[in-house]
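Enquirer: What follows is start26.csv, made up of CSV, C-alpha atoms and all ligand atoms:
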chain,number,residue,atom,x,y,z
A,1,MET,CA,-29.0,-4.9,25.0
A,2,GLN,CA,-26.2,-3.7,27.2
A,3,PRO,CA,-24.8,-6.3,29.6
A,4,PRO,CA,-25.6,-5.5,33.3
A,5,SER,CA,-22.9,-3.4,34.8
A,6,PRO,CA,-21.0,-5.3,37.6
A,7,PRO,CA,-21.6,-4.3,41.2
A,8,SER,CA,-19.1,-1.9,42.6
A,9,ARG,CA,-18.6,-3.9,45.8
A,10,VAL,CA,-18.7,-7.7,46.5
A,11,ALA,CA,-18.4,-9.6,49.8
A,12,ILE,CA,-16.8,-13.1,49.5
A,13,ILE,CA,-17.3,-15.5,52.3
A,14,GLY,CA,-14.4,-18.0,52.6
A,15,GLY,CA,-10.7,-17.5,51.7
A,16,GLY,CA,-10.0,-21.0,50.3
A,17,PRO,CA,-8.8,-21.3,46.7
A,18,ALA,CA,-12.3,-20.8,45.4
A,19,GLY,CA,-12.9,-17.6,47.3
A,20,LEU,CA,-9.4,-16.3,46.5
A,21,MET,CA,-9.9,-17.0,42.8
A,22,ALA,CA,-13.3,-15.3,42.8
A,23,ALA,CA,-11.7,-12.3,44.6
A,24,GLU,CA,-8.9,-12.1,41.9
A,25,THR,CA,-11.4,-12.3,39.0
A,26,LEU,CA,-13.7,-9.6,40.5
A,27,ALA,CA,-10.8,-7.3,41.5
A,28,ARG,CA,-9.4,-7.5,38.0
A,29,GLY,CA,-12.8,-6.4,36.7
A,30,GLY,CA,-12.7,-3.3,38.9
A,31,VAL,CA,-14.9,-4.5,41.7
A,32,GLN,CA,-14.0,-3.6,45.4
A,33,VAL,CA,-13.7,-7.0,47.1
A,34,ASP,CA,-14.1,-7.6,50.8
A,35,LEU,CA,-13.2,-11.2,51.7
A,36,PHE,CA,-14.3,-12.7,55.0
A,37,ASP,CA,-13.0,-15.9,56.6
A,38,ALA,CA,-13.9,-17.4,59.9
A,39,MET,CA,-10.4,-18.5,60.6
A,40,PRO,CA,-7.4,-16.4,61.8
A,41,SER,CA,-5.8,-16.7,58.3
A,42,VAL,CA,-7.0,-17.7,54.8
A,43,GLY,CA,-6.0,-20.7,52.7
A,44,ARG,CA,-5.4,-23.1,55.7
A,45,LYS,CA,-6.7,-26.2,53.9
A,46,PHE,CA,-4.7,-25.2,50.8
A,47,LEU,CA,-1.6,-25.1,53.0
A,48,LEU,CA,-2.5,-28.5,54.5
A,49,ALA,CA,-2.8,-29.8,50.9
A,50,GLY,CA,0.8,-28.7,50.3
A,51,ARG,CA,2.1,-30.9,53.1
A,52,GLY,CA,2.1,-34.1,51.2
A,53,GLY,CA,3.1,-32.4,47.9
A,54,LEU,CA,0.6,-30.0,46.2
A,55,ASN,CA,-0.7,-31.6,43.0
A,56,ILE,CA,-2.1,-28.7,41.0
A,57,THR,CA,-3.3,-30.5,37.9
A,58,HIS,CA,-2.4,-33.2,35.4
A,59,ALA,CA,-0.5,-33.0,32.1
A,60,GLU,CA,-2.4,-35.5,30.1
A,61,PRO,CA,-4.0,-34.3,26.8
A,62,PHE,CA,-7.3,-32.4,27.3
A,63,ALA,CA,-9.5,-35.0,25.7
A,64,ALA,CA,-8.3,-37.6,28.3
A,65,PHE,CA,-8.3,-35.1,31.1
A,66,ILE,CA,-11.9,-34.1,30.6
A,67,LYS,CA,-13.0,-37.8,30.7
A,68,ARG,CA,-12.0,-37.8,34.4
A,69,TYR,CA,-15.2,-35.8,35.1
A,70,GLY,CA,-17.4,-38.7,34.1
A,71,SER,CA,-21.1,-37.7,33.8
A,72,ARG,CA,-20.2,-34.0,34.5
A,73,GLU,CA,-18.0,-33.8,31.4
A,74,ASP,CA,-20.6,-31.8,29.4
A,75,VAL,CA,-20.9,-29.2,32.1
A,76,ILE,CA,-17.2,-29.0,32.9
A,77,THR,CA,-15.9,-28.9,29.3
A,78,PRO,CA,-16.9,-25.2,28.6
A,79,LEU,CA,-15.4,-24.2,31.9
A,80,LEU,CA,-12.1,-26.0,31.5
A,81,SER,CA,-11.9,-24.8,27.9
A,82,THR,CA,-11.7,-21.3,29.3
A,83,PHE,CA,-9.4,-22.0,32.1
A,84,GLY,CA,-8.0,-25.5,32.0
A,85,PRO,CA,-4.9,-27.4,33.1
A,86,ALA,CA,-2.6,-25.3,30.8
A,87,GLU,CA,-4.0,-22.0,32.0
A,88,LEU,CA,-3.7,-23.1,35.6
A,89,ARG,CA,-0.1,-24.0,35.2
A,90,ALA,CA,0.6,-20.6,33.5
A,91,TRP,CA,-1.3,-18.9,36.3
A,92,VAL,CA,0.9,-20.6,38.9
A,93,GLU,CA,4.1,-19.7,36.9
A,94,ALA,CA,2.9,-16.1,36.7
A,95,LEU,CA,3.0,-16.0,40.5
A,96,GLY,CA,6.7,-16.7,40.3
A,97,VAL,CA,6.4,-20.4,41.1
A,98,SER,CA,7.9,-22.9,38.6
A,99,THR,CA,6.0,-26.2,38.0
A,100,PHE,CA,7.1,-29.6,36.8
A,101,VAL,CA,5.4,-32.8,35.6
A,102,GLY,CA,6.0,-35.8,37.8
A,103,SER,CA,6.5,-39.3,36.4
A,104,SER,CA,2.7,-40.0,36.8
A,105,GLY,CA,1.8,-37.0,34.7
A,106,ARG,CA,0.7,-35.0,37.7
A,107,VAL,CA,1.8,-31.3,37.9
A,108,PHE,CA,3.4,-29.9,41.0
A,109,PRO,CA,4.9,-26.6,42.1
A,110,GLU,CA,8.7,-26.8,42.1
A,111,GLU,CA,9.0,-27.0,45.9
A,112,MET,CA,5.9,-29.2,46.1
A,113,LYS,CA,4.6,-26.8,48.7
A,114,ALA,CA,1.5,-24.5,48.8
A,115,ALA,CA,3.1,-21.8,51.1
A,116,PRO,CA,5.2,-19.9,48.4
A,117,LEU,CA,2.2,-19.9,46.0
A,118,LEU,CA,-0.2,-18.7,48.7
A,119,ARG,CA,2.1,-16.0,49.8
A,120,ALA,CA,2.6,-14.6,46.3
A,121,TRP,CA,-1.1,-14.9,45.6
A,122,LEU,CA,-2.2,-13.0,48.7
A,123,ALA,CA,0.4,-10.3,48.0
A,124,ARG,CA,-1.0,-9.9,44.5
A,125,LEU,CA,-4.6,-9.8,45.8
A,126,ARG,CA,-3.7,-7.1,48.4
A,127,GLU,CA,-2.0,-5.1,45.6
A,128,ALA,CA,-5.2,-5.3,43.6
A,129,GLY,CA,-7.1,-3.8,46.5
A,130,VAL,CA,-8.7,-6.9,48.0
A,131,ARG,CA,-9.5,-6.3,51.7
A,132,PHE,CA,-9.2,-9.3,54.0
A,133,HIS,CA,-11.3,-9.7,57.2
A,134,VAL,CA,-10.2,-12.8,59.1
A,135,ARG,CA,-11.9,-14.1,62.3
A,136,HIS,CA,-15.2,-13.1,60.7
A,137,ARG,CA,-17.7,-16.1,60.6
A,138,TRP,CA,-20.6,-15.4,58.3
A,139,ALA,CA,-23.8,-16.1,60.3
A,140,GLY,CA,-26.5,-15.2,57.7
A,141,TRP,CA,-28.5,-12.0,57.1
A,142,ASN,CA,-30.1,-9.6,59.5
A,143,VAL,CA,-33.7,-8.4,59.0
A,144,ASP,CA,-32.5,-5.6,56.7
A,145,GLY,CA,-30.8,-8.1,54.4
A,146,HIS,CA,-27.3,-7.2,55.5
A,147,LEU,CA,-24.6,-9.8,56.2
A,148,ARG,CA,-24.1,-10.8,59.8
A,149,PHE,CA,-20.8,-12.0,61.2
A,150,THR,CA,-19.6,-13.3,64.5
A,151,THR,CA,-16.1,-12.1,65.3
A,152,LEU,CA,-13.8,-14.0,67.5
A,201,LIG,C1,-4.7,-33.4,53.3
A,201,LIG,C2,-5.2,-32.7,52.0
A,201,LIG,C3,-4.5,-32.8,50.8
A,201,LIG,C4,-5.0,-32.2,49.7
A,201,LIG,N1,-4.2,-32.3,48.5
A,201,LIG,C5,-4.6,-31.6,47.4
A,201,LIG,C6,-3.8,-31.5,46.3
A,201,LIG,O1,-2.7,-32.1,46.2
A,201,LIG,N2,-4.3,-30.9,45.2
A,201,LIG,C7,-5.5,-30.3,45.2
A,201,LIG,O2,-5.9,-29.7,44.2
A,201,LIG,N3,-6.3,-30.3,46.3
A,201,LIG,C8,-5.9,-30.9,47.4
A,201,LIG,N4,-6.7,-31.0,48.5
A,201,LIG,C9,-8.0,-30.4,48.4
A,201,LIG,C10,-8.0,-28.8,48.5
A,201,LIG,O3,-7.3,-28.4,49.7
A,201,LIG,C11,-9.4,-28.4,48.5
A,201,LIG,O4,-10.0,-28.8,47.3
A,201,LIG,C12,-9.5,-26.8,48.5
A,201,LIG,O5,-9.0,-26.3,49.7
A,201,LIG,C13,-11.0,-26.5,48.4
A,201,LIG,O6,-11.0,-25.0,48.3
A,201,LIG,P1,-12.3,-24.2,48.7
A,201,LIG,O7,-12.0,-22.8,48.5
A,201,LIG,O8,-13.5,-24.8,47.9
A,201,LIG,O9,-12.6,-24.6,50.2
A,201,LIG,P2,-11.7,-24.4,51.5
A,201,LIG,O10,-10.3,-24.5,51.2
A,201,LIG,O11,-12.3,-25.4,52.5
A,201,LIG,O12,-12.0,-23.0,52.0
A,201,LIG,C14,-13.3,-22.6,52.6
A,201,LIG,C15,-13.0,-21.4,53.5
A,201,LIG,O13,-14.2,-20.9,53.9
A,201,LIG,C16,-14.1,-20.5,55.3
A,201,LIG,N5,-15.5,-20.6,55.8
A,201,LIG,C17,-16.3,-21.6,55.9
A,201,LIG,N6,-17.5,-21.3,56.5
A,201,LIG,C18,-17.4,-20.0,56.7
A,201,LIG,C19,-18.3,-19.0,57.3
A,201,LIG,N7,-19.5,-19.3,57.7
A,201,LIG,N8,-17.9,-17.7,57.4
A,201,LIG,C20,-16.6,-17.4,57.0
A,201,LIG,N9,-15.7,-18.2,56.5
A,201,LIG,C21,-16.1,-19.5,56.3
A,201,LIG,C22,-13.2,-21.6,55.9
A,201,LIG,O14,-12.5,-21.1,57.0
A,201,LIG,C23,-12.2,-21.7,54.7
A,201,LIG,O15,-11.1,-20.9,54.8
A,201,LIG,C24,-6.2,-31.5,49.7
A,201,LIG,C25,-7.0,-31.5,50.9
A,201,LIG,C26,-6.4,-32.0,52.0
A,201,LIG,C27,-7.3,-31.9,53.3
Rewrite the coordinates I just gave you, this time as structure tokens.
Expert:
Amino acid sequence: MQPPSPPSRVAIIGGGPAGLMAAETLARGGVQVDLFDAMPSVGRKFLLAGRGGLNITHAEPFAAFIKRYGSREDVITPLLSTFGPAELRAWVEALGVSTFVGSSGRVFPEEMKAAPLLRAWLARLREAGVRFHVRHRWAGWNVDGHLRFTTL
């Protein structure tokens, strides 16, 4: 049986790291992505995370790393086997941001900040055709099943 063909357009609500990563994956698969965020800019919490030193992952061996997920280990293992700590680090580096392992084993971007990473990421997403709609708060669906937004 043929796998279902992907939709040609997808709306993503929320431009935090989760929404941006979804946008990147879909755009890479040839989908036209429109990303909506309630705030005047995307990635605000991510930027805040970078204030105290952005910890992107941990360098411990995978078997030990996966134990951190406790009872969720079985669910998370197949996900992190596809895109785990090593892949995340390579993904950051591919955006032109070097990483290093701190004395605790935690992995940080070179400057410890989120801003350079976010800037490079957004530029790459725009190049891939992702369209950003800020100040658009999703408010549910209308009677026709279309997305409803409040714009500020
Ligand atoms: C002080 C601090 C330090 C942190 N340090 C680290 C760290 O070192 N390492 C690390 O990995 N993580 C860290 N985090 C956690 C990290 O920031 C979050 O895990 C991450 O931002 C979650 O991403 P997300 O995309 O799930 O959600 P969010 O980043 O919260 O993004 C959700 C987005 O959805 C938008 N939104 C919500 N509702 C609507 C709506 N109805 N319509 C439209 N848009 C909407 C919001 O405006 C927001 O932009 C830190 C967090 C804080 C606060």
Enquirer: How would you write, as a VMD selection string, the set of residues no farther than 6 Å from ligand LIG 201 (chain A) when counting all atoms listed in the file?
Expert: chain A and resid 13 to 19 36 to 39 42 to 43 45 to 46 48 to 49 54 to 56 136 to 139
Enquirer: I need the chosen residues saved as a CSV table (one decimal), in the coordinates of the input, with C-alpha atoms.
Expert:
chain,number,residue,atom,x,y,z
A,13,ILE,CA,-17.3,-15.5,52.3
A,14,GLY,CA,-14.4,-18.0,52.6
A,15,GLY,CA,-10.7,-17.5,51.7
A,16,GLY,CA,-10.0,-21.0,50.3
A,17,PRO,CA,-8.8,-21.3,46.7
A,18,ALA,CA,-12.3,-20.8,45.4
A,19,GLY,CA,-12.9,-17.6,47.3
A,36,PHE,CA,-14.3,-12.7,55.0
A,37,ASP,CA,-13.0,-15.9,56.6
A,38,ALA,CA,-13.9,-17.4,59.9
A,39,MET,CA,-10.4,-18.5,60.6
A,42,VAL,CA,-7.0,-17.7,54.8
A,43,GLY,CA,-6.0,-20.7,52.7
A,45,LYS,CA,-6.7,-26.2,53.9
A,46,PHE,CA,-4.7,-25.2,50.8
A,48,LEU,CA,-2.5,-28.5,54.5
A,49,ALA,CA,-2.8,-29.8,50.9
A,54,LEU,CA,0.6,-30.0,46.2
A,55,ASN,CA,-0.7,-31.6,43.0
A,56,ILE,CA,-2.1,-28.7,41.0
A,136,HIS,CA,-15.2,-13.1,60.7
A,137,ARG,CA,-17.7,-16.1,60.6
A,138,TRP,CA,-20.6,-15.4,58.3
A,139,ALA,CA,-23.8,-16.1,60.3
Enquirer: So which residues fall inside 8 Å of (-13.2, -7.7, 55.3) if we count only C-alpha atoms? Mind giving them as a list in words?
Expert: Ala11, Asp34, Leu35, Phe36, Arg131, Phe132, His133, Val134 and His136 of chain A
Enquirer: Between CA of Leu95 in chain A and CA of Leu117 in chain A, measure the distance and give it in Å to one decimal.
Expert: 6.8 Å
Enquirer: Give me the residues near Leu80 in chain A as a PyMOL selection string, where near means some atom within 12 Å (using all atoms listed in the file) and where sequence neighbours in that chain fewer than 3 positions away do not count.
Expert: chain A and resi 57+62-63+65-67+69+72-77+83-88
Enquirer: Selection from above, C-alpha atoms, as a PDB file, in the frame of the given file, can you write it?
Expert:
ATOM      1  CA  THR A  57      -3.300 -30.500  37.900  1.00  0.00           C
ATOM      2  CA  PHE A  62      -7.300 -32.400  27.300  1.00  0.00           C
ATOM      3  CA  ALA A  63      -9.500 -35.000  25.700  1.00  0.00           C
ATOM      4  CA  PHE A  65      -8.300 -35.100  31.100  1.00  0.00           C
ATOM      5  CA  ILE A  66     -11.900 -34.100  30.600  1.00  0.00           C
ATOM      6  CA  LYS A  67     -13.000 -37.800  30.700  1.00  0.00           C
ATOM      7  CA  TYR A  69     -15.200 -35.800  35.100  1.00  0.00           C
ATOM      8  CA  ARG A  72     -20.200 -34.000  34.500  1.00  0.00           C
ATOM      9  CA  GLU A  73     -18.000 -33.800  31.400  1.00  0.00           C
ATOM     10  CA  ASP A  74     -20.600 -31.800  29.400  1.00  0.00           C
ATOM     11  CA  VAL A  75     -20.900 -29.200  32.100  1.00  0.00           C
ATOM     12  CA  ILE A  76     -17.200 -29.000  32.900  1.00  0.00           C
ATOM     13  CA  THR A  77     -15.900 -28.900  29.300  1.00  0.00           C
ATOM     14  CA  PHE A  83      -9.400 -22.000  32.100  1.00  0.00           C
ATOM     15  CA  GLY A  84      -8.000 -25.500  32.000  1.00  0.00           C
ATOM     16  CA  PRO A  85      -4.900 -27.400  33.100  1.00  0.00           C
ATOM     17  CA  ALA A  86      -2.600 -25.300  30.800  1.00  0.00           C
ATOM     18  CA  GLU A  87      -4.000 -22.000  32.000  1.00  0.00           C
ATOM     19  CA  LEU A  88      -3.700 -23.100  35.600  1.00  0.00           C
TER      20      LEU A  88
END
Enquirer: Could you work out how far CA of Leu125 in chain A lies from CA of Ala23 in chain A, giving the answer in Å with one decimal?
Expert: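 The value is 7.6 Å.
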Enquirer: So how many Å separate CA of Glu93 in chain A and CA of Val10 in chain A, to one decimal?
Expert: 27.5 Å
Enquirer: Using only C-alpha atoms, what residues lie at most 7 Å away from (-22.4, -10.4, 52.6) (file coordinates), given as a list in words?
Expert: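 Residues satisfying the cut-off, written out: Ala11, Ile12, His146 and Leu147 of chain A.
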Enquirer: Please determine, counting all atoms listed in the file, which residue among A:Val130, A:Ala90, A:Ser103, A:Ala123 has the shortest atom-to-atom distance to Val31 in chain A.
Expert: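 That would be A:Val130, the residue with the smallest distance to Val31 in chain A.
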Enquirer: Calculated over only C-alpha atoms, which of the candidates A:Trp121, A:Gly140, A:Gly30, A:Gly52 has the smallest distance to Ser5 in chain A?
Expert: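 Checking each of A:Trp121, A:Gly140, A:Gly30, A:Gly52 against Ser5 in chain A, counting only C-alpha atoms, the winner is A:Gly30.
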Enquirer: My list of candidates is A:Gly129, A:Lys113, A:Pro40, A:Ala94. Which is closest to Arg9 in chain A when distances are computed with all atoms listed in the file?
Expert: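 Closest to Arg9 in chain A of all the choices is A:Gly129.
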Enquirer: Kindly indicate which residue among A:Arg89, A:Ser81, A:Glu127, A:Arg51 lies nearest to Arg106 in chain A, using all atoms listed in the file for the distances.
Expert: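 Looking only at the distances to Arg106 in chain A, the closest residue turns out to be A:Arg89.
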Enquirer: For Gly50 in chain A, which residue out of A:Ala128, A:Ala27, A:Ala115, A:Leu79 is the nearest one, using all atoms listed in the file?
Expert: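 Smallest separation from Gly50 in chain A among the options: A:Ala115.
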